[in-house]
$ cat work.txt   # compact mmCIF, C-alpha atoms
# COMPACT_ATOMS: atom_id res chain seq x y z
CA MET U 27 161.59 52.56 81.02
CA ASN U 28 160.52 55.47 83.19
CA ASN U 29 161.38 58.16 80.63
CA LYS U 30 160.01 56.08 77.80
CA ILE U 31 156.64 55.94 79.54
CA TRP U 32 156.49 59.75 79.48
CA ILE U 33 156.90 59.64 75.70
CA TYR U 34 154.13 57.05 75.44
CA ILE U 35 151.90 59.30 77.54
CA LEU U 36 152.57 62.29 75.28
CA ILE U 37 151.79 60.24 72.16
CA MET U 38 148.53 58.96 73.69
CA ALA U 39 147.51 62.48 74.69
CA ALA U 40 148.36 64.03 71.32
CA VAL U 41 146.48 61.43 69.27
CA THR U 42 143.45 61.54 71.56
CA TYR U 43 143.30 65.34 71.49
CA LEU U 44 143.55 65.49 67.69
CA ILE U 45 140.72 62.97 67.29
CA ARG U 46 138.48 64.99 69.60
CA VAL U 47 139.23 68.46 68.35
CA THR U 48 139.67 68.07 64.58
CA PRO U 49 135.92 67.83 63.82
CA LEU U 50 135.18 70.70 66.20
CA VAL U 51 137.75 72.87 64.40
CA LEU U 52 136.90 71.88 60.85
CA ILE U 53 133.10 71.74 60.99
CA ARG U 54 132.13 75.32 61.69
CA ARG U 55 128.82 75.58 59.81
CA GLU U 56 125.53 73.84 60.22
CA ILE U 57 125.42 70.63 58.23
CA LYS U 58 122.49 70.78 55.78
CA ASN U 59 122.51 67.21 54.49
CA ARG U 60 119.54 65.44 56.05
CA THR U 61 121.09 61.96 56.12
CA VAL U 62 124.29 63.25 57.73
CA LYS U 63 122.26 65.22 60.29
CA SER U 64 120.14 62.17 61.07
CA PHE U 65 123.23 59.97 61.36
CA LEU U 66 124.85 62.34 63.85
CA TYR U 67 121.57 62.55 65.76
CA TYR U 68 121.49 58.77 66.33
CA VAL U 69 125.22 58.32 67.12
CA PRO U 70 125.13 59.07 70.87
CA TYR U 71 122.22 56.70 71.58
CA VAL U 72 123.66 53.91 69.49
CA THR U 73 127.22 54.14 70.77
CA LEU U 74 126.18 54.21 74.44
CA ALA U 75 123.75 51.31 73.89
CA VAL U 76 126.44 49.31 72.13
CA MET U 77 128.94 49.95 74.91
CA THR U 78 126.45 49.01 77.66
CA VAL U 79 125.23 45.66 76.33
CA PRO U 80 126.63 43.04 76.66
CA ALA U 81 129.51 44.71 78.62
CA ILE U 82 127.40 45.23 81.77
CA ILE U 83 126.72 41.49 81.94
CA ASP U 84 130.41 40.66 81.57
CA ALA U 85 131.52 43.27 84.13
CA THR U 86 130.22 41.34 87.15
CA ARG U 87 131.36 38.09 88.73
CA HIS U 88 128.10 36.42 87.76
CA PRO U 89 126.20 37.32 84.56
CA ILE U 90 122.84 37.27 86.40
CA ALA U 91 124.04 40.12 88.64
CA GLY U 92 124.94 42.23 85.60
CA ALA U 93 121.67 41.37 83.86
CA ALA U 94 119.70 42.32 87.01
CA ALA U 95 121.55 45.65 87.17
CA LEU U 96 120.65 46.27 83.52
CA VAL U 97 116.94 45.56 84.09
CA VAL U 98 116.71 47.62 87.28
CA GLY U 99 118.64 50.48 85.65
CA VAL U 100 116.36 50.54 82.59
CA VAL U 101 113.20 50.45 84.74
CA LEU U 102 114.41 53.25 87.05
CA ALA U 103 115.50 55.41 84.12
CA ALA U 104 112.18 54.80 82.33
CA LEU U 105 110.39 55.91 85.49
CA GLY U 106 112.29 59.18 85.28
CA GLN U 107 114.84 58.69 88.08
CA ASN U 108 117.94 60.88 87.65
CA MET U 109 121.39 59.77 86.55
CA PHE U 110 122.81 59.70 90.06
CA LYS U 111 120.12 57.35 91.40
CA VAL U 112 120.44 54.99 88.46
CA ALA U 113 124.25 54.99 88.67
CA VAL U 114 124.07 54.11 92.39
CA ALA U 115 121.24 51.58 92.07
CA CYS U 116 123.09 49.39 89.56
CA PRO U 117 126.10 48.62 91.82
CA LEU U 118 123.71 48.03 94.75
CA VAL U 119 121.78 45.47 92.70
CA VAL U 120 125.06 43.72 91.88
CA LEU U 121 126.09 43.65 95.56
CA ILE U 122 122.74 42.14 96.59
CA VAL U 123 122.43 39.61 93.76
CA GLU U 124 126.03 38.42 94.13
CA ALA U 125 125.59 38.11 97.88
CA ILE U 126 122.61 35.83 97.26
CA ILE U 127 123.88 33.62 94.45
CA LEU U 128 127.64 33.43 95.03
CA MET X 25 120.32 80.61 83.61
CA ASN X 26 123.39 82.71 84.39
CA LYS X 27 126.94 81.38 84.01
CA LYS X 28 127.40 80.59 87.68
CA LYS X 29 124.20 78.57 87.82
CA LEU X 30 125.14 76.74 84.63
CA PHE X 31 128.59 75.96 86.05
CA LEU X 32 127.07 74.60 89.26
CA SER X 33 124.51 72.63 87.28
CA GLY X 34 127.37 71.08 85.29
CA MET X 35 129.17 70.21 88.51
CA ARG X 36 126.04 68.55 89.89
CA ASP X 37 125.58 66.44 86.78
CA GLY X 38 129.29 65.63 86.95
CA ILE X 39 129.03 63.99 90.38
CA PRO X 40 127.44 60.68 89.30
CA ILE X 41 129.86 60.57 86.37
CA THR X 42 132.77 61.09 88.76
CA LEU X 43 131.59 58.22 90.96
CA GLY X 44 131.28 55.97 87.95
CA TYR X 45 134.66 57.06 86.63
CA PHE X 46 136.30 56.51 89.99
CA ALA X 47 135.58 52.80 89.93
CA VAL X 48 136.74 52.45 86.34
CA SER X 49 139.86 54.59 86.79
CA PHE X 50 140.80 52.58 89.85
CA ALA X 51 140.82 49.38 87.82
CA LEU X 52 142.75 51.20 85.12
CA GLY X 53 145.35 52.27 87.71
CA ILE X 54 145.93 48.68 88.78
CA THR X 55 146.67 47.79 85.14
CA ALA X 56 148.93 50.83 84.74
CA GLY X 57 150.89 49.91 87.85
CA LYS X 58 151.53 46.44 86.48
CA ALA X 59 152.70 47.99 83.18
CA GLY X 60 155.37 49.98 85.04
CA PHE X 61 153.63 53.34 85.42
CA SER X 62 154.36 55.35 88.55
CA ALA X 63 151.40 56.95 90.35
CA ILE X 64 152.38 60.35 88.91
CA GLN X 65 152.62 58.98 85.39
CA ALA X 66 149.22 57.31 85.75
CA PHE X 67 147.79 60.58 87.06
CA VAL X 68 149.17 62.59 84.13
CA ALA X 69 148.14 59.97 81.56
CA SER X 70 144.55 60.10 82.84
CA LEU X 71 144.54 63.89 83.15
CA LEU X 72 145.64 64.27 79.51
CA ASN X 73 143.53 61.46 78.04
CA ASN X 74 140.39 60.81 80.09
CA ALA X 75 139.57 57.92 77.79
CA SER X 76 138.87 54.58 79.44
CA ALA X 77 139.07 52.31 76.41
CA GLY X 78 141.91 54.30 74.84
CA GLU X 79 143.99 54.22 78.01
CA TYR X 80 143.36 50.55 78.67
CA ALA X 81 144.33 49.59 75.15
CA ALA X 82 147.48 51.74 75.14
CA ILE X 83 148.65 50.59 78.58
CA ALA X 84 148.21 46.95 77.60
CA LEU X 85 150.29 47.57 74.46
CA ILE X 86 153.00 49.40 76.41
CA ALA X 87 153.18 46.50 78.85
CA SER X 88 153.75 44.14 75.93
CA GLY X 89 156.67 46.26 74.71
CA ALA X 90 155.00 47.77 71.64
CA GLY X 91 156.57 50.68 69.76
CA PHE X 92 155.43 54.31 69.67
CA ALA X 93 153.72 54.01 66.28
CA GLU X 94 151.70 51.00 67.39
CA VAL X 95 150.48 52.83 70.48
CA ALA X 96 149.51 55.83 68.35
CA LEU X 97 147.53 53.63 65.96
CA MET X 98 145.80 51.81 68.82
CA GLU X 99 144.85 55.14 70.35
CA LEU X 100 143.42 56.21 67.00
CA ILE X 101 141.23 53.10 66.72
CA ALA X 102 140.15 52.90 70.36
CA ASN X 103 139.14 56.57 70.38
CA ALA X 104 137.67 56.84 66.88
CA ARG X 105 134.16 57.10 68.32
CA TYR X 106 135.13 60.49 69.76
CA PHE X 107 135.63 61.65 66.19
CA LEU X 108 131.98 60.83 65.47
CA MET X 109 130.87 62.44 68.71
CA ALA X 110 132.87 65.57 67.94
CA CYS X 111 131.13 65.79 64.54
CA THR X 112 127.80 65.67 66.36
CA MET X 113 128.98 68.16 68.96
CA SER X 114 130.19 70.59 66.28
CA GLN X 115 126.54 71.05 65.32
CA LYS X 116 125.56 71.96 68.85
CA PHE X 117 127.86 74.98 69.20
CA SER X 118 126.15 78.33 68.74
CA PRO X 119 127.75 80.50 66.00
CA ASP X 120 128.06 83.11 68.75
CA THR X 121 130.16 80.91 71.05
CA PRO X 122 133.84 81.97 70.87
CA PHE X 123 136.06 79.51 69.01
CA TYR X 124 138.44 78.73 71.87
CA HIS X 125 135.62 76.97 73.73
CA ARG X 126 135.74 74.28 71.06
CA LEU X 127 139.45 73.70 71.77
CA LEU X 128 138.89 73.51 75.54
CA ILE X 129 135.66 71.50 75.69
CA GLY X 130 136.97 69.20 72.97
CA PHE X 131 139.91 68.36 75.23
CA ASP X 132 137.61 66.43 77.56
CA LEU X 133 135.11 65.04 75.07
CA THR X 134 134.38 61.74 76.82
CA ASP X 135 131.30 59.56 76.32
CA GLU X 136 129.64 61.06 79.37
CA ILE X 137 130.66 64.70 78.89
CA PHE X 138 129.41 64.35 75.33
CA ALA X 139 126.15 62.76 76.41
CA ILE X 140 125.16 65.26 79.09
CA ASN X 141 126.03 68.23 76.87
CA VAL X 142 124.50 67.03 73.64
CA THR X 143 121.26 65.73 75.14
CA ARG X 144 120.60 69.11 76.77
CA LYS X 145 118.17 71.32 74.88
CA GLY X 146 119.59 74.05 72.68
CA TYR X 147 123.22 74.99 72.12
CA ILE X 148 126.21 73.87 74.18
CA GLU X 149 126.64 76.09 77.24
CA PRO X 150 130.41 76.34 77.86
CA ALA X 151 129.90 77.18 81.57
CA TYR X 152 127.87 73.99 82.03
CA ALA X 153 130.48 71.92 80.19
CA TYR X 154 133.33 73.35 82.31
CA GLY X 155 131.40 72.69 85.52
CA ALA X 156 131.14 69.03 84.54
CA ILE X 157 134.77 68.82 83.36
CA VAL X 158 136.35 70.28 86.51
CA THR X 159 134.31 67.82 88.58
CA VAL X 160 135.00 64.75 86.52
CA LEU X 161 138.62 65.09 85.41
CA PRO X 162 140.29 65.23 88.86
CA GLY X 163 138.30 62.19 90.01
CA TRP X 164 139.37 60.20 86.99
CA SER X 165 143.05 61.15 87.40
CA VAL X 166 143.22 60.66 91.17
CA GLY X 167 141.38 57.33 90.80
CA THR X 168 144.01 56.08 88.34
CA ALA X 169 146.87 57.17 90.62
CA LEU X 170 145.20 55.48 93.62
CA GLY X 171 144.81 52.31 91.58
CA VAL X 172 148.60 52.25 91.11
CA ILE X 173 149.24 52.92 94.82
CA VAL X 174 146.62 50.76 96.48
CA GLY X 175 146.76 48.07 93.82
CA ASP X 176 144.84 44.95 94.56
CA VAL X 177 143.72 45.40 98.16
CA ILE X 178 140.18 46.20 97.01
CA PRO X 179 138.03 43.07 97.46
CA PRO X 180 136.67 41.48 94.24
CA PHE X 181 133.02 41.92 95.27
CA ALA X 182 133.50 45.71 95.44
CA VAL X 183 135.24 45.81 92.08
CA SER X 184 132.41 43.79 90.56
CA ALA X 185 129.71 46.12 91.96
CA LEU X 186 131.53 49.39 91.18
CA GLY X 187 132.18 48.21 87.64
CA VAL X 188 128.53 48.60 86.63
CA ALA X 189 128.16 52.19 87.88
CA ILE X 190 129.35 53.53 84.55
CA PHE X 191 126.75 51.48 82.67
CA GLY X 192 124.03 52.74 85.00
CA MET X 193 125.07 56.18 83.86
CA PHE X 194 124.81 55.25 80.19
CA ILE X 195 121.37 53.73 80.81
CA ALA X 196 120.18 56.90 82.54
CA ILE X 197 121.22 58.86 79.44
CA ILE X 198 119.68 56.71 76.70
CA VAL X 199 116.47 55.39 78.29
CA PRO X 200 114.49 58.61 78.98
CA PRO X 201 114.65 59.81 75.33
CA ALA X 202 113.78 56.25 74.22
CA VAL X 203 110.61 56.34 76.36
CA LYS X 204 109.51 59.53 74.60
CA ASN X 205 110.53 58.61 71.05
CA ARG X 206 109.74 55.22 69.54
CA VAL X 207 112.40 55.45 66.84
CA ILE X 208 115.10 55.96 69.48
CA ALA X 209 113.62 53.07 71.48
CA VAL X 210 113.79 50.71 68.50
CA THR X 211 117.30 51.94 67.65
CA VAL X 212 118.51 51.33 71.20
CA LEU X 213 116.97 47.84 71.32
CA ALA X 214 118.49 46.98 67.95
CA SER X 215 121.85 48.23 69.25
CA PHE X 216 121.56 45.96 72.32
CA ALA X 217 120.73 42.97 70.16
CA LEU X 218 123.36 43.50 67.46
CA SER X 219 126.06 44.36 69.99
CA THR X 220 125.32 41.16 71.90
CA ALA X 221 125.46 39.13 68.70
CA VAL X 222 128.71 40.68 67.49
CA ASN X 223 130.40 40.38 70.90
CA LYS X 224 129.19 36.86 71.74
CA LEU X 225 129.40 35.01 68.42
CA SER X 226 132.91 33.63 67.95
CA PHE X 227 132.57 34.37 64.23
CA PHE X 228 133.40 38.03 65.02
CA ASP X 229 136.33 37.25 67.35
CA PHE X 230 138.87 38.54 64.84
CA ILE X 231 137.62 42.13 65.32
CA PRO X 232 139.12 43.94 68.35
CA SER X 233 136.40 45.08 70.75
CA GLY X 234 137.08 48.82 70.29
CA THR X 235 136.70 48.35 66.54
CA LYS X 236 133.42 46.49 67.06
CA THR X 237 132.04 49.53 68.87
CA ILE X 238 133.02 51.79 65.96
CA ILE X 239 131.58 49.51 63.26
CA LEU X 240 128.33 48.92 65.14
CA THR X 241 127.90 52.64 65.82
CA VAL X 242 128.41 53.59 62.18
CA VAL X 243 126.26 50.80 60.71
CA ILE X 244 123.30 51.13 63.10
CA SER X 245 123.28 54.96 63.12
CA LEU X 246 123.46 55.03 59.32
CA ALA X 247 120.64 52.49 59.01
CA ALA X 248 118.48 54.52 61.41
CA ALA X 249 119.29 57.72 59.51
CA ILE X 250 118.25 56.17 56.19
CA ILE X 251 115.14 54.37 57.46
CA ARG X 252 113.94 57.13 59.78
CA PRO X 253 115.59 60.46 58.92
CA ILE X 254 114.87 63.22 61.41
CA PRO X 255 112.38 65.89 60.22
CA ASP X 256 114.01 68.56 58.05
CA ASP X 257 113.47 71.32 60.55
CA GLY X 258 114.34 68.94 63.39
CA ASP X 259 116.16 70.55 66.24
CA CYS X 260 117.96 67.31 67.16
CA GLU X 261 116.74 67.17 70.72
$ encode --input "work.txt" --output "structure tokens"
Amino acid sequence: MNNKIWIYILIMAAVTYLIRVTPLVLIRREIKNRTVKSFLYYVPYVTLAVMTVPAIIDATRHPIAGAAALVVGVVLAALGQNMFKVAVACPLVVLIVEAIIL
Amino acid sequence: MNKKKLFLSGMRDGIPITLGYFAVSFALGITAGKAGFSAIQAFVASLLNNASAGEYAAIALIASGAGFAEVALMELIANARYFLMACTMSQKFSPDTPFYHRLLIGFDLTDEIFAINVTRKGYIEPAYAYGAIVTVLPGWSVGTALGVIVGDVIPPFAVSALGVAIFGMFIAIIVPPAVKNRVIAVTVLASFALSTAVNKLSFFDFIPSGTKTIILTVVISLAAAIIRPIPDDGDCE
């Protein structure tokens, strides 16, 4: 099993690297097509939003704690707080809310 | 900014990401340990992949005794969003940036490395990207190894709290541009709503969760691109 796991690890690494690097290697020019450009412009916002909700609510022991972290995080970020503060505030909210309701 | 300043700036922005990663990688390490990974194997797997969803999915498959081809296919699906992100990132490299930077930065194209580099103004600055990568990658790998070693001694309340750090990071990336740009705001809200629907309605249960992320990303981004294309001379900021 031990040696087999090394092979699995190499396969995982090779596939992941190819997925990440192929577009960077093949697309060398500026894309002119407006729809394609617009699509690529929206991808980061959409994919992060999709990964955050509802996952943040399911990540905690009680959904209210996750929902509270989401609300506090959005408000802090909208007020212009930096990434570090928001990333620390969310777990703190979960600690407090879970301490109260669990 | 000179290269040293850019590198340090990348390291600074990498710190919150590292903290968020640490919690996630720790949980990942516990799973890896149960699947038969040694601490060193978990460390190397994380060093070479740095992909939370991809690693989770593959480790779960390995634990269930799946073959090599199955693991490769799973990795392809779970990480397909990086293909989209790399397409976006390809547009942010200056024609003057040497080619090998694409091969090196692409190696650690994670959600967060992508986000902090692409949402910066102007072209990708390799020094900034490397500053972030050298900060983030060791934390992720060591966290996974520690998860194997320390296993389940971490109390559940700490796991629960640490688990949302990574989402706080995502929120900090998407909300400020949404405040400034109403189209992004509407797109983000629509993403929240549709993602909740697709993940909570049992009708969609047959789609694996990694695949849901890919489909939602493609459909919503395409809809936004068609309904509200960016201005022709738009600099994609």
$ residues_around --input "work.txt" --residues "Arg55 of chain U" --least-positions-apart "6" --cutoff "12 Å" --atoms "all atoms listed in the file" --output "JSON list (two decimals) with C-alpha atoms, keeping the file's coordinate frame"
[["chain", "number", "residue", "atom", "x", "y", "z"],
["U", 49, "PRO", "CA", 135.92, 67.83, 63.82],
["X", 111, "CYS", "CA", 131.13, 65.79, 64.54],
["X", 112, "THR", "CA", 127.80, 65.67, 66.36],
["X", 113, "MET", "CA", 128.98, 68.16, 68.96],
["X", 114, "SER", "CA", 130.19, 70.59, 66.28],
["X", 115, "GLN", "CA", 126.54, 71.05, 65.32],
["X", 116, "LYS", "CA", 125.56, 71.96, 68.85],
["X", 117, "PHE", "CA", 127.86, 74.98, 69.20],
["X", 118, "SER", "CA", 126.15, 78.33, 68.74],
["X", 119, "PRO", "CA", 127.75, 80.50, 66.00],
["X", 120, "ASP", "CA", 128.06, 83.11, 68.75]]
$ atom_distance --input "work.txt" --atom1 "atom CA of Val79 of chain U" --atom2 "atom CA of Thr220 of chain X"
6.3 Å
$ atom_distance --input "work.txt" --atom1 "atom CA of Leu133 of chain X" --atom2 "atom CA of Pro162 of chain X"
14.7 Å
$ closest_residue --input "work.txt" --among "U:Ala104, U:Ala95, U:Val72, U:Met38" --to "Val68 of chain X" --atoms "all atoms listed in the file"
U:Met38
$ interface_residues --input "work.txt" --of "chain U" --to "chain X" --cutoff "7 Å" --atoms "all atoms listed in the file" --output "short mmCIF file (atom, residue, chain, number, x, y, z; two decimals) with C-alpha atoms, keeping the file's coordinate frame"
data_model
loop_
_atom_site.label_atom_id
_atom_site.label_comp_id
_atom_site.auth_asym_id
_atom_site.auth_seq_id
_atom_site.Cartn_x
_atom_site.Cartn_y
_atom_site.Cartn_z
CA TYR U 34 154.13 57.05 75.44
CA ILE U 35 151.90 59.30 77.54
CA ILE U 37 151.79 60.24 72.16
CA MET U 38 148.53 58.96 73.69
CA ALA U 39 147.51 62.48 74.69
CA VAL U 41 146.48 61.43 69.27
CA THR U 42 143.45 61.54 71.56
CA TYR U 43 143.30 65.34 71.49
CA ILE U 45 140.72 62.97 67.29
CA ARG U 46 138.48 64.99 69.60
CA VAL U 47 139.23 68.46 68.35
CA PRO U 49 135.92 67.83 63.82
CA LEU U 50 135.18 70.70 66.20
CA ILE U 53 133.10 71.74 60.99
CA ARG U 54 132.13 75.32 61.69
CA GLU U 56 125.53 73.84 60.22
CA ARG U 60 119.54 65.44 56.05
CA THR U 61 121.09 61.96 56.12
CA SER U 64 120.14 62.17 61.07
CA PHE U 65 123.23 59.97 61.36
CA LEU U 66 124.85 62.34 63.85
CA TYR U 67 121.57 62.55 65.76
CA TYR U 68 121.49 58.77 66.33
CA VAL U 69 125.22 58.32 67.12
CA PRO U 70 125.13 59.07 70.87
CA TYR U 71 122.22 56.70 71.58
CA VAL U 72 123.66 53.91 69.49
CA THR U 73 127.22 54.14 70.77
CA LEU U 74 126.18 54.21 74.44
CA ALA U 75 123.75 51.31 73.89
CA VAL U 76 126.44 49.31 72.13
CA MET U 77 128.94 49.95 74.91
CA THR U 78 126.45 49.01 77.66
CA VAL U 79 125.23 45.66 76.33
CA PRO U 80 126.63 43.04 76.66
CA ILE U 82 127.40 45.23 81.77
CA ALA U 85 131.52 43.27 84.13
CA THR U 86 130.22 41.34 87.15
CA ARG U 87 131.36 38.09 88.73
CA GLY U 99 118.64 50.48 85.65
CA VAL U 100 116.36 50.54 82.59
CA ALA U 103 115.50 55.41 84.12
CA ALA U 104 112.18 54.80 82.33
CA GLY U 106 112.29 59.18 85.28
CA ASN U 108 117.94 60.88 87.65
CA MET U 109 121.39 59.77 86.55
CA PHE U 110 122.81 59.70 90.06
CA VAL U 112 120.44 54.99 88.46
CA ALA U 113 124.25 54.99 88.67
CA VAL U 114 124.07 54.11 92.39
CA CYS U 116 123.09 49.39 89.56
CA PRO U 117 126.10 48.62 91.82
CA LEU U 118 123.71 48.03 94.75
CA VAL U 120 125.06 43.72 91.88
CA LEU U 121 126.09 43.65 95.56
#
$ closest_residue --input "work.txt" --among "X:Val177, X:Ala90, X:Lys29, X:Leu85" --to "Ile54 of chain X" --atoms "only C-alpha atoms"
X:Val177
$ residues_near_point --input "work.txt" --point "(137.5, 54.1, 94.2)" --cutoff "8 Å" --atoms "only C-alpha atoms" --output "VMD selection string"
chain X and resid 43 46 to 47 49 to 50 167 170 to 171
$ atom_distance --input "work.txt" --atom1 "atom CA of Ala94 of chain U" --atom2 "atom CA of Leu128 of chain U"
14.4 Å
$ decode --input "work.txt" --residues "segment 229-247 of chain X" --atoms "N, CA and C atoms" --output "tab-separated table (two decimals), in the first residue's frame"
chain	number	residue	atom	x	y	z
X	229	ASP	N	-29.11	16.13	-6.35
X	229	ASP	CA	-28.20	15.27	-5.57
X	229	ASP	C	-27.30	14.38	-6.44
X	230	PHE	N	-27.76	14.09	-7.65
X	230	PHE	CA	-26.99	13.17	-8.50
X	230	PHE	C	-25.69	13.80	-9.02
X	231	ILE	N	-25.56	15.13	-8.90
X	231	ILE	CA	-24.34	15.79	-9.38
X	231	ILE	C	-23.34	15.89	-8.22
X	232	PRO	N	-22.11	15.38	-8.41
X	232	PRO	CA	-21.10	15.50	-7.35
X	232	PRO	C	-20.81	16.98	-7.08
X	233	SER	N	-20.45	17.31	-5.82
X	233	SER	CA	-20.39	18.73	-5.45
X	233	SER	C	-19.32	19.51	-6.23
X	234	GLY	N	-18.18	18.84	-6.55
X	234	GLY	CA	-17.16	19.53	-7.34
X	234	GLY	C	-17.69	19.90	-8.73
X	235	THR	N	-18.50	19.00	-9.28
X	235	THR	CA	-19.08	19.24	-10.60
X	235	THR	C	-20.10	20.36	-10.55
X	236	LYS	N	-20.84	20.45	-9.43
X	236	LYS	CA	-21.80	21.55	-9.26
X	236	LYS	C	-21.08	22.89	-9.34
X	237	THR	N	-19.93	22.98	-8.67
X	237	THR	CA	-19.16	24.23	-8.69
X	237	THR	C	-18.79	24.61	-10.12
X	238	ILE	N	-18.36	23.62	-10.91
X	238	ILE	CA	-17.95	23.89	-12.29
X	238	ILE	C	-19.15	24.36	-13.12
X	239	ILE	N	-20.26	23.62	-13.03
X	239	ILE	CA	-21.43	23.96	-13.84
X	239	ILE	C	-21.94	25.35	-13.48
X	240	LEU	N	-22.08	25.61	-12.17
X	240	LEU	CA	-22.57	26.92	-11.73
X	240	LEU	C	-21.66	28.04	-12.21
X	241	THR	N	-20.35	27.83	-12.10
X	241	THR	CA	-19.40	28.86	-12.51
X	241	THR	C	-19.56	29.18	-14.00
X	242	VAL	N	-19.64	28.13	-14.81
X	242	VAL	CA	-19.74	28.33	-16.26
X	242	VAL	C	-21.07	29.01	-16.62
X	243	VAL	N	-22.17	28.49	-16.07
X	243	VAL	CA	-23.49	29.01	-16.44
X	243	VAL	C	-23.66	30.47	-16.00
X	244	ILE	N	-23.32	30.76	-14.75
X	244	ILE	CA	-23.55	32.12	-14.23
X	244	ILE	C	-22.60	33.12	-14.89
X	245	SER	N	-21.33	32.75	-15.06
X	245	SER	CA	-20.36	33.67	-15.68
X	245	SER	C	-20.75	33.94	-17.13
X	246	LEU	N	-21.22	32.90	-17.81
X	246	LEU	CA	-21.62	33.07	-19.22
X	246	LEU	C	-22.85	33.98	-19.31
X	247	ALA	N	-23.81	33.75	-18.41
X	247	ALA	CA	-25.01	34.60	-18.40
X	247	ALA	C	-24.63	36.05	-18.15
